[in-house]
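**Student:** Sharing target.pdb here; it has PDB, C-alpha atoms.
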```pdb
ATOM      1  CA  MET A   8      90.444  90.387  83.255  1.00  0.00           C
ATOM      2  CA  THR A   9      88.941  89.434  86.605  1.00  0.00           C
ATOM      3  CA  ASP A  10      86.490  86.640  87.307  1.00  0.00           C
ATOM      4  CA  SER A  11      84.005  85.621  90.013  1.00  0.00           C
ATOM      5  CA  ARG A  12      86.793  85.318  92.598  1.00  0.00           C
ATOM      6  CA  ARG A  13      87.241  89.103  92.699  1.00  0.00           C
ATOM      7  CA  PRO A  14      84.660  91.789  93.434  1.00  0.00           C
ATOM      8  CA  GLY A  15      83.430  94.342  90.956  1.00  0.00           C
ATOM      9  CA  PRO A  16      82.338  94.368  87.320  1.00  0.00           C
ATOM     10  CA  SER A  17      84.246  92.072  84.992  1.00  0.00           C
ATOM     11  CA  LEU A  18      84.553  92.138  81.214  1.00  0.00           C
ATOM     12  CA  TYR A  19      85.412  88.419  81.282  1.00  0.00           C
ATOM     13  CA  ILE A  20      82.205  87.567  83.168  1.00  0.00           C
ATOM     14  CA  ALA A  21      80.218  89.693  80.710  1.00  0.00           C
ATOM     15  CA  VAL A  22      81.728  87.761  77.789  1.00  0.00           C
ATOM     16  CA  CYS A  23      81.045  84.413  79.456  1.00  0.00           C
ATOM     17  CA  GLY A  24      77.474  85.354  80.353  1.00  0.00           C
ATOM     18  CA  ARG A  25      77.626  83.594  83.726  1.00  0.00           C
ATOM     19  CA  ARG A  26      78.505  84.956  87.154  1.00  0.00           C
ATOM     20  CA  ASP A  27      80.469  81.891  88.317  1.00  0.00           C
ATOM     21  CA  ALA A  28      83.062  82.106  85.519  1.00  0.00           C
ATOM     22  CA  HIS A  29      86.664  81.278  86.475  1.00  0.00           C
ATOM     23  CA  MET A  30      89.601  82.331  84.343  1.00  0.00           C
ATOM     24  CA  PRO A  31      91.445  79.211  83.106  1.00  0.00           C
ATOM     25  CA  ARG A  32      95.174  78.810  83.585  1.00  0.00           C
ATOM     26  CA  ASN A  33      95.846  78.535  79.858  1.00  0.00           C
ATOM     27  CA  VAL A  34      94.057  81.626  78.563  1.00  0.00           C
ATOM     28  CA  GLN A  35      95.621  81.361  75.081  1.00  0.00           C
ATOM     29  CA  LYS A  36      93.547  78.292  74.256  1.00  0.00           C
ATOM     30  CA  ASP A  37      90.309  79.456  75.887  1.00  0.00           C
ATOM     31  CA  PRO A  38      87.907  81.122  73.380  1.00  0.00           C
ATOM     32  CA  GLU A  39      86.168  83.259  76.027  1.00  0.00           C
ATOM     33  CA  SER A  40      89.471  84.586  77.356  1.00  0.00           C
ATOM     34  CA  LYS A  41      90.692  85.357  73.832  1.00  0.00           C
ATOM     35  CA  LEU A  42      87.469  87.209  73.025  1.00  0.00           C
ATOM     36  CA  THR A  43      87.761  89.210  76.257  1.00  0.00           C
ATOM     37  CA  TRP A  44      91.320  90.282  75.332  1.00  0.00           C
ATOM     38  CA  THR A  45      90.162  91.261  71.842  1.00  0.00           C
ATOM     39  CA  ILE A  46      87.297  93.380  73.171  1.00  0.00           C
ATOM     40  CA  LYS A  47      89.540  94.983  75.792  1.00  0.00           C
ATOM     41  CA  ASP A  48      92.093  95.967  73.154  1.00  0.00           C
ATOM     42  CA  GLU A  49      89.399  97.421  70.894  1.00  0.00           C
ATOM     43  CA  VAL A  50      87.853  99.448  73.727  1.00  0.00           C
ATOM     44  CA  ILE A  51      91.283 100.905  74.531  1.00  0.00           C
ATOM     45  CA  ARG A  52      91.875 101.715  70.861  1.00  0.00           C
ATOM     46  CA  ARG A  53      88.562 103.588  70.528  1.00  0.00           C
ATOM     47  CA  GLY A  54      89.529 105.861  73.415  1.00  0.00           C
ATOM     48  CA  ARG A  55      86.075 106.393  74.872  1.00  0.00           C
ATOM     49  CA  VAL A  56      87.013 105.269  78.379  1.00  0.00           C
ATOM     50  CA  TYR A  57      90.055 105.719  80.587  1.00  0.00           C
ATOM     51  CA  TYR A  58      92.059 102.533  81.095  1.00  0.00           C
ATOM     52  CA  GLY A  59      94.707 102.338  83.751  1.00  0.00           C
ATOM     53  CA  LYS A  60      95.925 101.087  87.117  1.00  0.00           C
ATOM     54  CA  LEU A  61      94.682 102.820  90.246  1.00  0.00           C
ATOM     55  CA  ARG A  62      95.845 100.253  92.779  1.00  0.00           C
ATOM     56  CA  GLY A  63      98.237  97.320  92.521  1.00  0.00           C
ATOM     57  CA  SER A  64      98.473  95.454  89.236  1.00  0.00           C
ATOM     58  CA  ARG A  65      94.798  95.589  88.345  1.00  0.00           C
ATOM     59  CA  SER A  66      93.652  97.888  85.525  1.00  0.00           C
ATOM     60  CA  ILE A  67      90.100  99.171  85.261  1.00  0.00           C
ATOM     61  CA  PHE A  68      87.926 101.009  82.757  1.00  0.00           C
ATOM     62  CA  ILE A  69      86.499 104.381  83.836  1.00  0.00           C
ATOM     63  CA  THR A  70      83.696 106.023  81.858  1.00  0.00           C
ATOM     64  CA  ARG A  71      84.074 109.586  80.628  1.00  0.00           C
ATOM     65  CA  LYS A  72      81.355 110.655  83.077  1.00  0.00           C
ATOM     66  CA  LEU A  73      83.417 109.491  86.062  1.00  0.00           C
ATOM     67  CA  ILE A  74      86.849 110.672  84.914  1.00  0.00           C
ATOM     68  CA  PRO A  75      86.497 114.127  86.577  1.00  0.00           C
ATOM     69  CA  HIS A  76      85.539 112.418  89.851  1.00  0.00           C
ATOM     70  CA  PHE A  77      88.438 109.952  89.841  1.00  0.00           C
ATOM     71  CA  ASN A  78      90.794 112.740  88.793  1.00  0.00           C
ATOM     72  CA  ALA A  79      89.648 114.783  91.797  1.00  0.00           C
ATOM     73  CA  ILE A  80      90.829 111.947  94.053  1.00  0.00           C
ATOM     74  CA  PHE A  81      93.921 110.619  92.275  1.00  0.00           C
ATOM     75  CA  GLY A  82      94.959 113.354  89.870  1.00  0.00           C
ATOM     76  CA  LEU A  83      97.853 115.760  90.305  1.00  0.00           C
ATOM     77  CA  THR A  84      98.198 119.360  89.220  1.00  0.00           C
ATOM     78  CA  ARG A  85     101.306 120.433  87.309  1.00  0.00           C
ATOM     79  CA  ALA A  86     102.547 122.181  90.441  1.00  0.00           C
ATOM     80  CA  GLU A  87     102.302 118.912  92.402  1.00  0.00           C
ATOM     81  CA  GLU A  88     104.173 116.826  89.828  1.00  0.00           C
ATOM     82  CA  LYS A  89     107.630 117.993  90.920  1.00  0.00           C
ATOM     83  CA  THR A  90     107.117 116.918  94.523  1.00  0.00           C
ATOM     84  CA  LEU A  91     104.754 113.929  94.236  1.00  0.00           C
ATOM     85  CA  LEU A  92     106.013 112.111  91.142  1.00  0.00           C
ATOM     86  CA  SER A  93     109.257 110.123  91.152  1.00  0.00           C
ATOM     87  CA  PRO A  94     112.146 111.414  89.005  1.00  0.00           C
ATOM     88  CA  ALA A  95     111.590 108.528  86.573  1.00  0.00           C
ATOM     89  CA  ALA A  96     107.906 109.379  86.195  1.00  0.00           C
ATOM     90  CA  GLN A  97     108.784 113.029  85.583  1.00  0.00           C
ATOM     91  CA  ASP A  98     111.290 112.040  82.890  1.00  0.00           C
ATOM     92  CA  ILE A  99     108.725 109.880  81.097  1.00  0.00           C
ATOM     93  CA  LEU A 100     106.085 112.591  81.319  1.00  0.00           C
ATOM     94  CA  GLU A 101     108.479 115.190  79.927  1.00  0.00           C
ATOM     95  CA  VAL A 102     109.148 113.042  76.865  1.00  0.00           C
ATOM     96  CA  LEU A 103     105.468 112.337  76.228  1.00  0.00           C
ATOM     97  CA  ARG A 104     104.598 116.025  76.457  1.00  0.00           C
ATOM     98  CA  LYS A 105     106.939 116.534  73.526  1.00  0.00           C
ATOM     99  CA  GLU A 106     106.041 113.430  71.491  1.00  0.00           C
ATOM    100  CA  TRP A 107     102.403 112.836  72.603  1.00  0.00           C
ATOM    101  CA  GLU A 108     102.617 109.075  72.097  1.00  0.00           C
ATOM    102  CA  MET A 109     105.350 106.447  71.996  1.00  0.00           C
ATOM    103  CA  ALA A 110     105.794 102.683  72.150  1.00  0.00           C
ATOM    104  CA  THR A 111     107.208 101.241  75.358  1.00  0.00           C
ATOM    105  CA  GLY A 112     110.729 100.555  74.037  1.00  0.00           C
ATOM    106  CA  ASP A 113     111.053 103.961  72.407  1.00  0.00           C
ATOM    107  CA  LEU A 114     109.765 105.688  75.532  1.00  0.00           C
ATOM    108  CA  ARG A 115     112.235 103.872  77.769  1.00  0.00           C
ATOM    109  CA  ALA A 116     115.102 104.886  75.503  1.00  0.00           C
ATOM    110  CA  ALA A 117     114.010 108.507  75.082  1.00  0.00           C
ATOM    111  CA  SER A 118     113.324 109.045  78.777  1.00  0.00           C
ATOM    112  CA  GLY A 119     116.497 107.343  79.952  1.00  0.00           C
ATOM    113  CA  VAL A 120     114.468 105.090  82.265  1.00  0.00           C
ATOM    114  CA  LYS A 121     115.904 101.873  80.879  1.00  0.00           C
ATOM    115  CA  GLU A 122     115.590  99.593  83.911  1.00  0.00           C
ATOM    116  CA  ARG A 123     112.378  97.650  83.369  1.00  0.00           C
ATOM    117  CA  THR A 124     111.159  97.567  86.988  1.00  0.00           C
ATOM    118  CA  VAL A 125     111.759 101.299  87.461  1.00  0.00           C
ATOM    119  CA  PHE A 126     109.969 102.072  84.196  1.00  0.00           C
ATOM    120  CA  ILE A 127     106.927  99.964  85.094  1.00  0.00           C
ATOM    121  CA  LYS A 128     106.688 101.565  88.533  1.00  0.00           C
ATOM    122  CA  ALA A 129     106.900 105.044  86.985  1.00  0.00           C
ATOM    123  CA  ILE A 130     104.263 104.233  84.362  1.00  0.00           C
ATOM    124  CA  ASP A 131     101.986 102.955  87.139  1.00  0.00           C
ATOM    125  CA  GLU A 132     102.452 106.274  88.953  1.00  0.00           C
ATOM    126  CA  LEU A 133     101.488 108.189  85.827  1.00  0.00           C
ATOM    127  CA  GLN A 134      98.422 106.048  85.183  1.00  0.00           C
ATOM    128  CA  ARG A 135      97.278 106.413  88.790  1.00  0.00           C
ATOM    129  CA  SER A 136      97.622 110.204  88.633  1.00  0.00           C
ATOM    130  CA  PHE A 137      95.760 110.446  85.296  1.00  0.00           C
ATOM    131  CA  LYS A 138      98.779 111.704  83.363  1.00  0.00           C
ATOM    132  CA  VAL A 139      99.490 108.811  80.980  1.00  0.00           C
ATOM    133  CA  MET A 140      97.426 105.961  79.578  1.00  0.00           C
ATOM    134  CA  PRO A 141      97.811 103.175  77.005  1.00  0.00           C
ATOM    135  CA  SER A 142      96.079 104.276  73.811  1.00  0.00           C
ATOM    136  CA  GLU A 143      96.709 101.121  71.804  1.00  0.00           C
ATOM    137  CA  ILE A 144      98.150  97.631  72.119  1.00  0.00           C
ATOM    138  CA  VAL A 145     100.241  96.315  69.229  1.00  0.00           C
ATOM    139  CA  TYR A 146     101.124  92.646  68.734  1.00  0.00           C
ATOM    140  CA  GLU A 147     103.170  92.744  65.507  1.00  0.00           C
ATOM    141  CA  PRO A 148     106.091  92.705  64.936  1.00  0.00           C
ATOM    142  CA  LYS A 149     106.199  92.340  68.729  1.00  0.00           C
ATOM    143  CA  PHE A 150     103.902  93.046  71.657  1.00  0.00           C
ATOM    144  CA  THR A 151     104.003  96.605  72.988  1.00  0.00           C
ATOM    145  CA  TYR A 152     101.828  99.305  74.483  1.00  0.00           C
ATOM    146  CA  ILE A 153     101.512 102.687  72.826  1.00  0.00           C
ATOM    147  CA  TRP A 154     101.526 105.288  75.610  1.00  0.00           C
ATOM    148  CA  SER A 155      99.738 108.636  75.281  1.00  0.00           C
ATOM    149  CA  LEU A 156      98.970 111.677  77.392  1.00  0.00           C
ATOM    150  CA  ALA A 157      95.613 111.271  79.113  1.00  0.00           C
ATOM    151  CA  GLU A 158      94.810 114.934  78.432  1.00  0.00           C
ATOM    152  CA  ALA A 159      95.088 114.274  74.695  1.00  0.00           C
ATOM    153  CA  ARG A 160      91.912 112.197  74.849  1.00  0.00           C
ATOM    154  CA  PHE A 161      90.158 113.586  77.903  1.00  0.00           C
ATOM    155  CA  GLN A 162      91.037 117.273  77.994  1.00  0.00           C
ATOM    156  CA  ASP A 163      87.530 118.419  78.946  1.00  0.00           C
ATOM    157  CA  GLU A 164      87.046 115.751  81.603  1.00  0.00           C
ATOM    158  CA  LEU A 165      90.439 116.341  83.221  1.00  0.00           C
ATOM    159  CA  GLY A 166      89.828 120.083  83.141  1.00  0.00           C
ATOM    160  CA  THR A 167      86.536 119.812  85.030  1.00  0.00           C
ATOM    161  CA  ALA A 168      86.823 120.774  88.701  1.00  0.00           C
ATOM    162  CA  VAL A 169      84.988 118.521  91.167  1.00  0.00           C
ATOM    163  CA  GLU A 170      84.920 118.817  94.957  1.00  0.00           C
ATOM    164  CA  ARG A 171      86.465 115.842  96.744  1.00  0.00           C
ATOM    165  CA  GLU A 172      83.299 115.073  98.725  1.00  0.00           C
ATOM    166  CA  ASP A 173      81.212 115.096  95.537  1.00  0.00           C
ATOM    167  CA  ALA A 174      83.737 112.849  93.811  1.00  0.00           C
ATOM    168  CA  LEU A 175      83.638 110.216  96.555  1.00  0.00           C
ATOM    169  CA  ARG A 176      79.844 110.215  96.570  1.00  0.00           C
ATOM    170  CA  GLU A 177      79.511 109.833  92.804  1.00  0.00           C
ATOM    171  CA  ILE A 178      82.104 107.052  92.601  1.00  0.00           C
ATOM    172  CA  ALA A 179      80.244 105.191  95.338  1.00  0.00           C
ATOM    173  CA  ARG A 180      76.940 105.844  93.558  1.00  0.00           C
ATOM    174  CA  ALA A 181      78.180 104.458  90.244  1.00  0.00           C
ATOM    175  CA  PHE A 182      79.442 101.299  91.916  1.00  0.00           C
ATOM    176  CA  LEU A 183      76.261 100.757  93.925  1.00  0.00           C
ATOM    177  CA  ILE A 184      74.026 101.237  90.881  1.00  0.00           C
ATOM    178  CA  GLY A 185      75.875  98.456  89.114  1.00  0.00           C
ATOM    179  CA  ALA A 186      76.297  96.096  92.061  1.00  0.00           C
ATOM    180  CA  GLY A 187      73.128  96.771  94.064  1.00  0.00           C
ATOM    181  CA  LEU A 188      75.053  95.856  97.216  1.00  0.00           C
ATOM    182  CA  THR A 189      78.468  96.929  98.499  1.00  0.00           C
ATOM    183  CA  LEU A 190      80.204  94.481 100.824  1.00  0.00           C
ATOM    184  CA  ARG A 191      82.801  95.461 103.389  1.00  0.00           C
ATOM    185  CA  GLY A 192      85.939  96.787 101.700  1.00  0.00           C
ATOM    186  CA  GLU A 193      84.603  96.022  98.226  1.00  0.00           C
ATOM    187  CA  LEU A 194      84.321  99.597  96.939  1.00  0.00           C
ATOM    188  CA  ALA A 195      87.914 100.328  97.991  1.00  0.00           C
ATOM    189  CA  ARG A 196      89.309  97.179  96.370  1.00  0.00           C
ATOM    190  CA  VAL A 197      87.540  97.772  93.059  1.00  0.00           C
ATOM    191  CA  THR A 198      88.096 101.514  92.670  1.00  0.00           C
ATOM    192  CA  GLY A 199      91.459 102.009  94.393  1.00  0.00           C
ATOM    193  CA  LEU A 200      89.984 104.333  97.026  1.00  0.00           C
ATOM    194  CA  SER A 201      91.260 104.116 100.583  1.00  0.00           C
ATOM    195  CA  ASN A 202      88.890 102.435 103.028  1.00  0.00           C
ATOM    196  CA  PRO A 203      88.126 105.728 104.833  1.00  0.00           C
ATOM    197  CA  ASP A 204      87.355 107.474 101.518  1.00  0.00           C
ATOM    198  CA  ALA A 205      85.141 104.605 100.397  1.00  0.00           C
ATOM    199  CA  GLY A 206      83.289 104.849 103.704  1.00  0.00           C
ATOM    200  CA  LEU A 207      82.764 108.590 103.234  1.00  0.00           C
ATOM    201  CA  GLY A 208      81.325 107.981  99.778  1.00  0.00           C
ATOM    202  CA  ASN A 209      78.943 105.294 100.977  1.00  0.00           C
ATOM    203  CA  TRP A 210      77.809 107.301 103.995  1.00  0.00           C
ATOM    204  CA  ALA A 211      77.067 110.270 101.728  1.00  0.00           C
ATOM    205  CA  LEU A 212      74.667 108.028  99.799  1.00  0.00           C
ATOM    206  CA  VAL A 213      72.999 106.981 103.060  1.00  0.00           C
ATOM    207  CA  ASP A 214      72.591 110.621 104.124  1.00  0.00           C
ATOM    208  CA  GLU A 215      71.083 111.376 100.717  1.00  0.00           C
ATOM    209  CA  GLY A 216      68.607 108.514 101.029  1.00  0.00           C
ATOM    210  CA  PHE A 217      70.099 106.717  98.034  1.00  0.00           C
ATOM    211  CA  ALA A 218      71.479 103.775 100.021  1.00  0.00           C
ATOM    212  CA  THR A 219      70.778 101.863 103.213  1.00  0.00           C
ATOM    213  CA  ARG A 220      73.454 100.676 105.628  1.00  0.00           C
ATOM    214  CA  ILE A 221      72.642  97.110 106.634  1.00  0.00           C
ATOM    215  CA  GLY A 222      75.836  96.312 108.539  1.00  0.00           C
ATOM    216  CA  PRO A 223      79.428  97.468 109.121  1.00  0.00           C
ATOM    217  CA  GLY A 224      80.755  98.367 105.681  1.00  0.00           C
ATOM    218  CA  VAL A 225      77.720  96.874 103.920  1.00  0.00           C
ATOM    219  CA  TYR A 226      75.445  99.169 101.903  1.00  0.00           C
ATOM    220  CA  ARG A 227      72.460  98.387  99.710  1.00  0.00           C
ATOM    221  CA  LEU A 228      70.780 100.437  97.000  1.00  0.00           C
ATOM    222  CA  LYS A 229      67.584 101.750  98.514  1.00  0.00           C
ATOM    223  CA  GLU A 230      64.496  99.924  97.375  1.00  0.00           C
ATOM    224  CA  GLY A 231      62.679 101.577  94.506  1.00  0.00           C
ATOM    225  CA  ILE A 232      65.744 103.433  93.163  1.00  0.00           C
ATOM    226  CA  ARG A 233      66.721 102.628  89.598  1.00  0.00           C
ATOM    227  CA  ASN A 234      69.539 103.797  87.358  1.00  0.00           C
TER
END
```
Just dump the structure as structure tokens.
**Tutor:**
Amino acid sequence: MTDSRRPGPSLYIAVCGRRDAHMPRNVQKDPESKLTWTIKDEVIRRGRVYYGKLRGSRSIFITRKLIPHFNAIFGLTRAEEKTLLSPAAQDILEVLRKEWEMATGDLRAASGVKERTVFIKAIDELQRSFKVMPSEIVYEPKFTYIWSLAEARFQDELGTAVEREDALREIARAFLIGAGLTLRGELARVTGLSNPDAGLGNWALVDEGFATRIGPGVYRLKEGIRN
């Protein structure tokens, strides 16, 4: 739900059909905002893309093709879970591995992570590490997310091994194909990559002859290259 004030592709801008679209303050009464929410919910429900938070409070869609590459950067193995996930995140994950999917309230109760801020932080951890994702959004009788194991929908993609260097290059490639031009820090802000990792991905495209560096942190799709 971003607009022209933030970098990267935007479902809201696509719905509006204009690049200068600004999200209104009262989104409930705005028809374009309401349509964007409806489409977003339906895309999540169909389960053909990964939806989750990789950095901060912003959620993004990731195509099936790119899931192995993002997982190579952000994902955790089972052996790493015990040391890199918080106790709350481990408790939530343990419950979901038994139940496969649960609504937010039920998951908080079953996991014992009842403090809202702790639960949200733990869920963000699990989304970022490609362990848990929202599989549906329900509005009646009250609003709630239905949380599922990511491997339940993307077992093949999450089981595909990708070298880190290849992953950074392909993430940068996908962004550049869509944007045509990457401004300084833009790839990192959109994808959740660190600035050094984003730079490695962009430089790999330059070395390959896929992109041209036109300034510090600024890369352009090489002329004549098409998706």
**Student:** Skipping near chain neighbours, those fewer than 3 positions away, what residues fall within 12 Å of A:Ser118 using only C-alpha atoms, listed as a PDB file with C-alpha atoms, in the frame of the given file?
**Tutor:**
```pdb
ATOM      1  CA  PRO A  94     112.146 111.414  89.005  1.00  0.00           C
ATOM      2  CA  ALA A  95     111.590 108.528  86.573  1.00  0.00           C
ATOM      3  CA  ALA A  96     107.906 109.379  86.195  1.00  0.00           C
ATOM      4  CA  GLN A  97     108.784 113.029  85.583  1.00  0.00           C
ATOM      5  CA  ASP A  98     111.290 112.040  82.890  1.00  0.00           C
ATOM      6  CA  ILE A  99     108.725 109.880  81.097  1.00  0.00           C
ATOM      7  CA  LEU A 100     106.085 112.591  81.319  1.00  0.00           C
ATOM      8  CA  GLU A 101     108.479 115.190  79.927  1.00  0.00           C
ATOM      9  CA  VAL A 102     109.148 113.042  76.865  1.00  0.00           C
ATOM     10  CA  LEU A 103     105.468 112.337  76.228  1.00  0.00           C
ATOM     11  CA  ARG A 104     104.598 116.025  76.457  1.00  0.00           C
ATOM     12  CA  LYS A 105     106.939 116.534  73.526  1.00  0.00           C
ATOM     13  CA  GLU A 106     106.041 113.430  71.491  1.00  0.00           C
ATOM     14  CA  MET A 109     105.350 106.447  71.996  1.00  0.00           C
ATOM     15  CA  ALA A 110     105.794 102.683  72.150  1.00  0.00           C
ATOM     16  CA  THR A 111     107.208 101.241  75.358  1.00  0.00           C
ATOM     17  CA  GLY A 112     110.729 100.555  74.037  1.00  0.00           C
ATOM     18  CA  ASP A 113     111.053 103.961  72.407  1.00  0.00           C
ATOM     19  CA  LEU A 114     109.765 105.688  75.532  1.00  0.00           C
ATOM     20  CA  ARG A 115     112.235 103.872  77.769  1.00  0.00           C
ATOM     21  CA  LYS A 121     115.904 101.873  80.879  1.00  0.00           C
ATOM     22  CA  GLU A 122     115.590  99.593  83.911  1.00  0.00           C
ATOM     23  CA  VAL A 125     111.759 101.299  87.461  1.00  0.00           C
ATOM     24  CA  PHE A 126     109.969 102.072  84.196  1.00  0.00           C
ATOM     25  CA  ALA A 129     106.900 105.044  86.985  1.00  0.00           C
ATOM     26  CA  ILE A 130     104.263 104.233  84.362  1.00  0.00           C
TER      27      ILE A 130
END
```
**Student:** Separation of atom CA of A:Trp210 and atom CA of A:Gln134, in Å?
**Tutor:**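 The value is 27.9 Å.
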**Student:** If you count only C-alpha atoms, which residues fall within 12 Å of stretch 64-71 of chain A, apart from same-chain ones fewer than 3 positions away, as a ChimeraX atom specification?
**Tutor:** /A:8-9,13-18,47-48,50-51,54-61,74-78,127-128,130-132,134-135,137,140-141,157,160-165,167,178,181-182,196-199
**Student:** Report as a PyMOL selection string all protein, DNA and RNA residues lying within 7 Å of A:Ser136, evaluated on only C-alpha atoms, omitting residues in the same chain fewer than 5 positions from it.
**Tutor:** chain A and resi 81-83
**Student:** Any idea what the distance is between atom CA of A:Glu39 and atom CA of A:Val145?
**Tutor:**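 Atom-to-atom, atom CA of A:Glu39 to atom CA of A:Val145, that is 20.4 Å.
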**Student:** Please indicate the distance in Å from atom CA of A:Gly187 to atom CA of A:Lys41, rounded to one decimal place.
**Tutor:**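 Value for the atom CA of A:Gly187-atom CA of A:Lys41 distance: 29.1 Å.
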**Student:** Let me make sure I understand: among A:Arg227, A:Lys138, A:Arg25, A:Arg85, which one has the smallest atom-to-atom distance to A:Ser155 if we use only C-alpha atoms?
**Tutor:**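 Distance minimum relative to A:Ser155 lands on A:Lys138.
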**Student:** Please work out which residues fall within 12 Å of (77.0, 90.7, 101.3), coordinates as given in the file, with all atoms listed in the file counting, and return them as a ChimeraX atom specification.
**Tutor:** /A:14,186-193,220-227
**Student:** Selection in question (the file shown): the PyMOL selection byres ((chain A and resi 175) around 7). Which residues does it include, as a PyMOL selection string?
**Tutor:** chain A and resi 171-174+176-179+204-205+207-208
**Student:** Take the residues from that selection and put them in a file with C-alpha atoms, as a short mmCIF file (atom, residue, chain, number, x, y, z; two decimals), in the coordinates of the input.
**Tutor:**
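Listed below is the output, out.cif:
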```cif
data_model
loop_
_atom_site.label_atom_id
_atom_site.label_comp_id
_atom_site.auth_asym_id
_atom_site.auth_seq_id
_atom_site.Cartn_x
_atom_site.Cartn_y
_atom_site.Cartn_z
CA ARG A 171 86.46 115.84 96.74
CA GLU A 172 83.30 115.07 98.72
CA ASP A 173 81.21 115.10 95.54
CA ALA A 174 83.74 112.85 93.81
CA ARG A 176 79.84 110.22 96.57
CA GLU A 177 79.51 109.83 92.80
CA ILE A 178 82.10 107.05 92.60
CA ALA A 179 80.24 105.19 95.34
CA ASP A 204 87.36 107.47 101.52
CA ALA A 205 85.14 104.60 100.40
CA LEU A 207 82.76 108.59 103.23
CA GLY A 208 81.32 107.98 99.78
#
```
**Student:** The centre and edge lengths of an axis-aligned box containing all atoms of stretch 175-193 of chain A present in the file, extended by 3 Å on each side, are to be given in Å to one decimal, as AutoDock Vina command-line options.
**Tutor:**
```
--center_x 79.5 --center_y 102.3 --center_z 96.3 --size_x 18.8 --size_y 21.7 --size_z 20.3
```
